[in-house]
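Worksheet for the structure shown next.
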Amino acid sequence: MGLNVYLSGEIHTDWREQIIDGAQGLDVTFNAPVTDHAASDDCGVAILGAEEDKYWHDHKGAMVNAIRTRKGIEDADVVVVRFGDKYKQWNAAFDAGYASALGKSLIILQPPEHDHALKEVDAAALAMARTPQQVVQILRYVLTGALPG
């Protein structure tokens with residue numbers, strides 16, 4: 001049994017690389033949004049034309065990015081959503097809700113200080129992890145039945 005895992009959320013740390021590196025040797029395929037912040041923000045106007053109003057600039061980018069995000073979440077067996085320390089990640093919360101509505105297995109990765117704010121998101125998840133290593137251990141257990149250690 002293999003897994004297709006979509007890694008959503010915070011883009012300012014190396015959590016995705018930690019999970020991908022930790023899952024070496026497992027039958028896992030990873031997908032993710034575009035994590036180049038400037039490319040993600042500007043893809044709509046770069047492809048569809050400039051906008052004077054920042055709202056429409058952002059809106060074009062969000063729509064183009066949604067094509068990739070929807071495909072990645074819809075094709076995933078497991079969706080991991082990371083909520084980081086630094087920014088409010090409304091898009092991550094949206095991705096978690098979308099994945100939940102599709103019945104996807106959802107793992108939330110968050111620091112303790114977000115517990116209260118994310119209680120409803122956590123309630124929809126099958127697991128809430130604190131570290132990328134815990135996510136890897138969940139994937140390893142699901143695929144092999146092996147416990148850590």
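Residues are referred to by chain and number: the chain letter is A, B, ... according to the order shown in the structure tokens, the number counts from 1 in that chain, and ligands are numbered separately from 1 in the order shown.
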Find the nearest atom pair between each residue of segment 46-143 of chain A and segment 26-39 of chain A for residues within 12 Å, count only C-alpha atoms, give distances in Å to one decimal, sort rows by chain and ascending number, and present the table as a Markdown table.
| residue | atom | partner | partner_atom | distance |
| --- | --- | --- | --- | --- |
| A:Ala46 | CA | A:Ala39 | CA | 8.7 |
| A:Ile47 | CA | A:Ala39 | CA | 10.8 |
| A:Asp58 | CA | A:Ala38 | CA | 11.3 |
| A:Gly61 | CA | A:Ala39 | CA | 9.0 |
| A:Ala62 | CA | A:Ala39 | CA | 11.4 |
| A:Val64 | CA | A:Val34 | CA | 10.9 |
| A:Asn65 | CA | A:Pro33 | CA | 7.6 |
| A:Ala66 | CA | A:Pro33 | CA | 9.0 |
| A:Ile67 | CA | A:Pro33 | CA | 9.9 |
| A:Arg68 | CA | A:Pro33 | CA | 6.7 |
| A:Thr69 | CA | A:Pro33 | CA | 6.0 |
| A:Arg70 | CA | A:Pro33 | CA | 9.7 |
| A:Lys71 | CA | A:Asn31 | CA | 9.8 |
| A:Gly72 | CA | A:Asn31 | CA | 6.4 |
| A:Ile73 | CA | A:Asn31 | CA | 8.8 |
| A:Glu74 | CA | A:Asn31 | CA | 11.3 |
| A:Asp75 | CA | A:Asn31 | CA | 9.4 |
| A:Ala76 | CA | A:Asn31 | CA | 8.3 |
| A:Asp77 | CA | A:Thr29 | CA | 10.0 |
| A:Val78 | CA | A:Phe30 | CA | 9.7 |
| A:Val79 | CA | A:Asn31 | CA | 9.6 |
| A:Val80 | CA | A:Ala32 | CA | 9.7 |
| A:Val81 | CA | A:Ala32 | CA | 10.3 |
| A:Arg82 | CA | A:Ala32 | CA | 11.6 |
| A:Asn91 | CA | A:Pro33 | CA | 11.1 |
| A:Ala92 | CA | A:Pro33 | CA | 10.8 |
| A:Asp95 | CA | A:Pro33 | CA | 10.8 |
| A:Val136 | CA | A:Leu26 | CA | 9.6 |
| A:Gln137 | CA | A:Leu26 | CA | 10.9 |
| A:Ile138 | CA | A:Leu26 | CA | 11.7 |
| A:Leu139 | CA | A:Leu26 | CA | 8.3 |
| A:Arg140 | CA | A:Leu26 | CA | 7.0 |
| A:Tyr141 | CA | A:Leu26 | CA | 10.4 |
| A:Val142 | CA | A:Leu26 | CA | 10.4 |
| A:Leu143 | CA | A:Leu26 | CA | 7.5 |
Selected residues written out with C-alpha atoms, as a compact mmCIF listing (two decimals), in the first residue's frame:
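Saved file selection.txt follows:
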# COMPACT_ATOMS: atom_id res chain seq x y z
CA ALA A 46 2.44 37.08 -14.42
CA ILE A 47 0.22 34.80 -16.50
CA ASP A 58 -4.07 38.76 -5.13
CA GLY A 61 -3.04 34.56 -7.91
CA ALA A 62 -5.39 32.83 -5.48
CA VAL A 64 -4.54 30.12 -10.27
CA ASN A 65 -3.03 28.59 -7.10
CA ALA A 66 -6.40 27.00 -6.27
CA ILE A 67 -6.13 24.82 -9.37
CA ARG A 68 -2.98 23.18 -7.96
CA THR A 69 -4.28 23.09 -4.38
CA ARG A 70 -7.60 21.48 -5.26
CA LYS A 71 -5.93 18.84 -7.43
CA GLY A 72 -3.37 18.05 -4.74
CA ILE A 73 -5.94 17.72 -1.97
CA GLU A 74 -8.42 15.77 -4.09
CA ASP A 75 -5.73 13.26 -5.15
CA ALA A 76 -4.30 12.86 -1.64
CA ASP A 77 -4.83 9.93 0.69
CA VAL A 78 -3.51 12.00 3.59
CA VAL A 79 -3.39 15.79 3.94
CA VAL A 80 -0.91 17.29 6.41
CA VAL A 81 -1.62 20.91 7.30
CA ARG A 82 1.06 22.89 9.12
CA ASN A 91 -5.34 29.48 3.63
CA ALA A 92 -4.12 26.52 5.72
CA ASP A 95 -7.24 23.66 3.07
CA VAL A 136 6.79 10.70 9.70
CA GLN A 137 6.16 8.22 12.52
CA ILE A 138 2.42 8.30 11.74
CA LEU A 139 3.09 7.64 8.04
CA ARG A 140 5.53 4.84 8.88
CA TYR A 141 3.02 3.21 11.25
CA VAL A 142 0.18 3.49 8.70
CA LEU A 143 2.31 1.90 5.97
- Query: DSSP says helix (DSSP H, G or I) for which residues of segment 3-123 of chain A? Put them as a VMD selection string?
  - Reply: chain A and resid 15 to 22 37 to 48 54 to 75 90 to 101 112 to 114 119 to 123
Taking the backbone alone, and naming residues the way the document does, which bits of segment 21-121 of chain A are strand (DSSP E) by DSSP, as a PDB file with C-alpha atoms, in the first residue's frame?
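And here's result.pdb as it stands now:
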ATOM      1  CA  VAL A  28       4.933   7.766  -0.190  1.00  0.00           C
ATOM      2  CA  THR A  29       4.460  10.363  -2.904  1.00  0.00           C
ATOM      3  CA  PHE A  30       4.431  13.967  -1.719  1.00  0.00           C
ATOM      4  CA  ASN A  31       2.754  16.971  -3.307  1.00  0.00           C
ATOM      5  CA  VAL A  78      -3.507  12.000   3.587  1.00  0.00           C
ATOM      6  CA  VAL A  79      -3.393  15.788   3.937  1.00  0.00           C
ATOM      7  CA  VAL A  80      -0.913  17.289   6.406  1.00  0.00           C
ATOM      8  CA  VAL A  81      -1.623  20.906   7.301  1.00  0.00           C
ATOM      9  CA  ARG A  82       1.063  22.890   9.124  1.00  0.00           C
ATOM     10  CA  SER A 105      -7.349  11.635   6.374  1.00  0.00           C
ATOM     11  CA  LEU A 106      -6.124  14.840   7.975  1.00  0.00           C
ATOM     12  CA  ILE A 107      -3.032  15.378  10.129  1.00  0.00           C
ATOM     13  CA  ILE A 108      -2.587  18.800  11.710  1.00  0.00           C
ATOM     14  CA  LEU A 109       0.925  19.967  12.621  1.00  0.00           C
TER      15      LEU A 109
END
- Task: For Glu120 of chain A, work out the shell of residues within 12 Å, counting only C-alpha atoms and skipping chain neighbours fewer than 4 positions away, then give it as a PyMOL selection string.
- Result: chain A and resi 93+96-97+100+108+114-116+124-125+128
- Task: Using only C-alpha atoms, find the one residue out of A:Gly149, A:Thr144, A:Pro132, A:Leu48 that sits nearest to Ile19 of chain A.
- Result: A:Pro132
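Among the candidates A:Gly44, A:Pro148, A:Gly25, A:Pro111, the residue lying nearest to Gly2 of chain A is A:Gly25 (atoms considered: only C-alpha atoms).
Atom pair atom CA of Trp90 of chain A / atom CA of Glu10 of chain A has a distance of 10.1 Å (rounded to one decimal).
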